[in-house]
Amino acid sequence: MLAGMEPIELAGRLGLALAMAIFIGVAFEEIYKRDAPSNPGGIRTFPMLALLGSMLFLLEPKSMLAFIVGIPGVAAWLYARIRAAPVDQIDPSSLVIPTANLLAYSLGPIAITQPPWVIVAASVTAVLLLEGREALHALVRTVPREEVFTLGKFLILVGLILPLVPNHPVVSWTPITPLQAWLALVAISTLSYISYLLQRYVPKTGSLLPAVLGGIYSSTATTVALARQQKQSGVPDSRLSAGIVTATSIMYLRIGIVVAIFDAQLALLLLPALMGLFLVGAVLAAFEWNRRSTSTPSKALPATNPLQLPTAVTFAVMFVIVTLASAWVRARYGQTGVLGLAAIAGATDVDPFVLSLAQGSVTGMTPHALAAAILIAAASNNALKALYAVLFGSLKACGRPAVLLLALAVLGIAVAASYLR
């Protein structure tokens with residue numbers, strides 16, 4: 001008897017192991033024995049393997065010697081069964097069949113020594129993998145090869161480079177560390193990558209979804225793309241106008257999420273303003289959407305890979321420059337200088353400036369002043385997008401959304417002023 005385990009508890013854990021073995025066996029029979037009965041394993045074999053593994057483990061639970069010796073025996077049996085089976089009824093190159101049998105053999109020790117959720121999670125995962133064989137193979141054939149490389153780049157950014165970046169200031173001008181700079185890049189890349197996947201693989205049927213997803217990725221890029229579509233349509237299209245305003249409305253939610261990742265208190269302070277501006281933008285977008293349109297529905301926005309190395313390097317460099325500039329301006333010109341820098345930074349790219357403030361690059365400013373600076377940067381960015389809408393879509397085609405973006409900019413400045421009082 002295992003130390004500290006009552007007989008009733010041991011019986012319950014053995015029963016759980018047998019139940020999970022039957023569960024996996026049912027899925028295995030449906031997939032691998034329906035057309036090839038010679039495949040070893042199934043609804044009777046898996047419980048027997050689980051029982052065998054449990055008994056061998058209980059013989060010597062400390063060293064697990066009996067259980068370990070049993071593994072080559074199970075492997076030899078599997079090899080003999082696979083070799084003896086007709087070639088047309090079994091795939092000897094598949095590792096799923098022997099792996100499923102060995103998993104069933106190990107269920108007993110897992111159930112006895114680990115929390116119940118471990119064996120349940122392992123069994124459910126195994127069943128999902130077995131049942132999803134056709135779907136997973138179809139997914140592999142559907143997903144382009146470059147998507148695998150895109151995912152690999154994301155994992156490199158998050159899992160490989162991030163742990164290696166030092167977490168101490170490199171220069172005395174700013175408290176921002178290289179780790180914080182890379183975290184900023186990871187935060188923006190994650191949001192952009194999620195938006196990219198949704199844009200590429202979620203069906204879009206002429207709704208505002210492309211503009212919503214584009215706003216998560218980049219409201220500026222979305223404004224330019226929709227303005228070009230507006231110009232190509234030849235006449236003002238209320239749906240495209242609504243999409244431009246929608247992308248900017250989503251920008252306020254995106255700013256809130258980014259700030260919350262690094263400074264929850266600042267995000268809470270900004271929440272009423274950002275939500276208010278988002279709701280105003282949503283109402284304006286709904287008003288535009290409901291106006292009568294005379295042209296064809298808008299086309300889906302192109303999904304752009306956000307994890308290109310030049311893009312990542314450019315963002316990291318901009319973040320460092322904005323961070324150093326913010327600290328220098330604060331030291332030389334005080335709070336007023338930072339607010340002026342916010343207007344300049346927002347006219348280029350609002351993300352590096354927002355992230356630098358959220359990570360504490362500027363010291364000596366009150367939270368209300370930091371919130372006002374972020375709102376000023378967003379308002380400046382809206383003014384820039386209004387200019388882009390006219391330049392890329394013409395005044396006739398994009399005059400209305402440009403005016404609405406300017407209205408949001410003015411409202412954002414007014415809200416920022418209220419934070420400074």
# chains A, B, ... in the order shown; residues from 1 in each chain; ligands from 1
>>> residues_around(residues="stretch 27-44 of chain A", least_positions_apart="3", cutoff="12 Å", atoms="only C-alpha atoms", output="VMD selection string")
chain A and resid 18 to 24 47 to 51 74 to 75 77 to 92 94 to 105 123 to 134
>>> residues_around(residues="A:Asn382", least_positions_apart="6", cutoff="8 Å", atoms="only C-alpha atoms", output="VMD selection string")
chain A and resid 248 405 to 406 408 to 409
>>> write_last_selection(atoms="N, CA and C atoms", output="PDB file, in the first residue's frame")
ATOM      1  N   THR A 248     -10.671  53.462 -35.958  1.00  0.00           N
ATOM      2  CA  THR A 248     -10.180  54.396 -34.948  1.00  0.00           C
ATOM      3  C   THR A 248     -10.839  54.149 -33.597  1.00  0.00           C
ATOM      4  N   LEU A 405     -13.123  61.937 -37.920  1.00  0.00           N
ATOM      5  CA  LEU A 405     -11.872  61.671 -37.204  1.00  0.00           C
ATOM      6  C   LEU A 405     -11.359  62.943 -36.525  1.00  0.00           C
ATOM      7  N   LEU A 406     -11.501  64.074 -37.194  1.00  0.00           N
ATOM      8  CA  LEU A 406     -11.101  65.339 -36.573  1.00  0.00           C
ATOM      9  C   LEU A 406     -11.975  65.651 -35.362  1.00  0.00           C
ATOM     10  N   LEU A 408     -13.313  63.421 -33.377  1.00  0.00           N
ATOM     11  CA  LEU A 408     -12.796  62.571 -32.302  1.00  0.00           C
ATOM     12  C   LEU A 408     -11.491  63.131 -31.743  1.00  0.00           C
ATOM     13  N   ALA A 409     -10.666  63.716 -32.620  1.00  0.00           N
ATOM     14  CA  ALA A 409      -9.415  64.316 -32.156  1.00  0.00           C
ATOM     15  C   ALA A 409      -9.689  65.497 -31.224  1.00  0.00           C
TER      16      ALA A 409
END
>>> select_by_dssp(residues="stretch 98-335 of chain A", states="alpha helix (DSSP H)", output="count of residues only")
180
>>> closest_residue(among="A:Met64, A:Leu155, A:Leu14, A:Val224", to="A:Gly108", atoms="only C-alpha atoms")
A:Leu14
>>> residues_around(residues="stretch 210-215 of chain A", least_positions_apart="5", cutoff="6 Å", atoms="only C-alpha atoms", output="number ranges by chain")
A: 195, 222, 243, 247, 250-251
>>> write_last_selection(atoms="C-alpha atoms", output="tab-separated table (two decimals), in the first residue's frame")
chain	number	residue	atom	x	y	z
A	195	SER	CA	-5.57	40.32	-35.64
A	222	THR	CA	-6.71	50.38	-42.11
A	243	GLY	CA	-15.08	51.25	-41.48
A	247	ALA	CA	-10.94	51.24	-36.93
A	250	ILE	CA	-11.08	50.11	-31.85
A	251	MET	CA	-7.77	51.97	-31.42
>>> residues_around(residues="A:Phe262", least_positions_apart="5", cutoff="10 Å", atoms="only C-alpha atoms", output="NGL selection string")
:A and (180 or 183-184 or 187 or 257 or 267 or 355-360)
>>> closest_atom_pairs(of="stretch 224-289 of chain A", to="stretch 392-398 of chain A", cutoff="10 Å", atoms="only C-alpha atoms", output="tab-separated table")
residue	atom	partner	partner_atom	distance
A:Val224	CA	A:Phe392	CA	6.3
A:Ala225	CA	A:Phe392	CA	8.4
A:Leu226	CA	A:Gly393	CA	8.1
A:Ala227	CA	A:Gly393	CA	4.4
A:Arg228	CA	A:Gly393	CA	5.1
A:Gln229	CA	A:Gly393	CA	7.5
A:Gln230	CA	A:Gly393	CA	5.8
A:Lys231	CA	A:Gly393	CA	4.6
A:Gln232	CA	A:Gly393	CA	8.1
A:Ser233	CA	A:Ala397	CA	8.7
A:Gly234	CA	A:Ala397	CA	7.4
A:Val235	CA	A:Ala397	CA	6.1
A:Pro236	CA	A:Ala397	CA	4.6
A:Asp237	CA	A:Ala397	CA	7.6
A:Ser238	CA	A:Cys398	CA	9.7
A:Leu240	CA	A:Cys398	CA	8.9
A:Ser241	CA	A:Cys398	CA	7.0
A:Ile244	CA	A:Cys398	CA	9.4
>>> atom_distance(atom1="atom CA of A:Leu107", atom2="atom CA of A:Leu16")
9.0 Å
>>> closest_residue(among="A:Ala378, A:Ala138, A:Ala264, A:Ala285", to="A:Ser219", atoms="only C-alpha atoms")
A:Ala378
>>> residues_around(residues="A:Gln335", least_positions_apart="2", cutoff="12 Å", atoms="only C-alpha atoms", output="ChimeraX atom specification")
/A:326-333,337-342,362-370,372-373,420
>>> write_last_selection(atoms="N, CA and C atoms", output="compact mmCIF listing (two decimals), in the first residue's frame")
# COMPACT_ATOMS: atom_id res chain seq x y z
N SER A 326 11.42 61.20 -24.51
CA SER A 326 10.47 61.55 -23.45
C SER A 326 11.20 61.91 -22.17
N ALA A 327 12.20 61.09 -21.79
CA ALA A 327 12.95 61.38 -20.57
C ALA A 327 13.72 62.69 -20.70
N TRP A 328 14.32 62.94 -21.87
CA TRP A 328 15.08 64.17 -22.07
C TRP A 328 14.17 65.40 -22.05
N VAL A 329 13.05 65.30 -22.75
CA VAL A 329 12.12 66.43 -22.79
C VAL A 329 11.58 66.72 -21.39
N ARG A 330 11.27 65.67 -20.64
CA ARG A 330 10.77 65.86 -19.27
C ARG A 330 11.81 66.57 -18.41
N ALA A 331 13.08 66.16 -18.54
CA ALA A 331 14.13 66.77 -17.72
C ALA A 331 14.39 68.21 -18.13
N ARG A 332 14.26 68.53 -19.41
CA ARG A 332 14.62 69.87 -19.89
C ARG A 332 13.44 70.84 -19.90
N TYR A 333 12.27 70.35 -20.31
CA TYR A 333 11.13 71.24 -20.50
C TYR A 333 9.97 70.94 -19.57
N GLY A 337 6.58 70.04 -21.91
CA GLY A 337 7.35 69.49 -23.02
C GLY A 337 6.90 68.09 -23.40
N VAL A 338 6.58 67.27 -22.40
CA VAL A 338 6.11 65.91 -22.67
C VAL A 338 4.77 65.93 -23.39
N LEU A 339 3.90 66.85 -23.00
CA LEU A 339 2.61 66.95 -23.67
C LEU A 339 2.79 67.39 -25.12
N GLY A 340 3.75 68.29 -25.35
CA GLY A 340 4.04 68.66 -26.73
C GLY A 340 4.62 67.51 -27.52
N LEU A 341 5.49 66.74 -26.88
CA LEU A 341 6.05 65.56 -27.54
C LEU A 341 4.96 64.54 -27.86
N ALA A 342 3.94 64.48 -27.02
CA ALA A 342 2.83 63.56 -27.27
C ALA A 342 2.15 63.88 -28.60
N VAL A 362 9.03 58.15 -18.12
CA VAL A 362 9.02 59.54 -17.67
C VAL A 362 8.69 59.56 -16.18
N THR A 363 9.60 60.10 -15.39
CA THR A 363 9.39 60.19 -13.95
C THR A 363 8.98 61.62 -13.58
N GLY A 364 8.34 61.74 -12.44
CA GLY A 364 7.97 63.05 -11.95
C GLY A 364 6.67 63.59 -12.48
N MET A 365 5.94 62.84 -13.28
CA MET A 365 4.64 63.28 -13.78
C MET A 365 3.54 62.55 -13.04
N THR A 366 2.46 63.25 -12.78
CA THR A 366 1.33 62.63 -12.09
C THR A 366 0.63 61.67 -13.03
N PRO A 367 -0.10 60.69 -12.47
CA PRO A 367 -0.86 59.78 -13.34
C PRO A 367 -1.84 60.51 -14.26
N HIS A 368 -2.45 61.59 -13.77
CA HIS A 368 -3.39 62.34 -14.61
C HIS A 368 -2.67 62.98 -15.79
N ALA A 369 -1.45 63.46 -15.56
CA ALA A 369 -0.68 64.06 -16.65
C ALA A 369 -0.27 62.99 -17.67
N LEU A 370 0.10 61.82 -17.19
CA LEU A 370 0.44 60.72 -18.11
C LEU A 370 -0.78 60.33 -18.94
N ALA A 372 -3.28 62.26 -19.72
CA ALA A 372 -3.52 63.34 -20.68
C ALA A 372 -2.57 63.24 -21.87
N ALA A 373 -1.31 62.90 -21.61
CA ALA A 373 -0.33 62.77 -22.69
C ALA A 373 -0.73 61.66 -23.66
N LEU A 420 -5.97 67.37 -16.91
CA LEU A 420 -4.93 68.27 -16.45
C LEU A 420 -5.45 69.29 -15.45
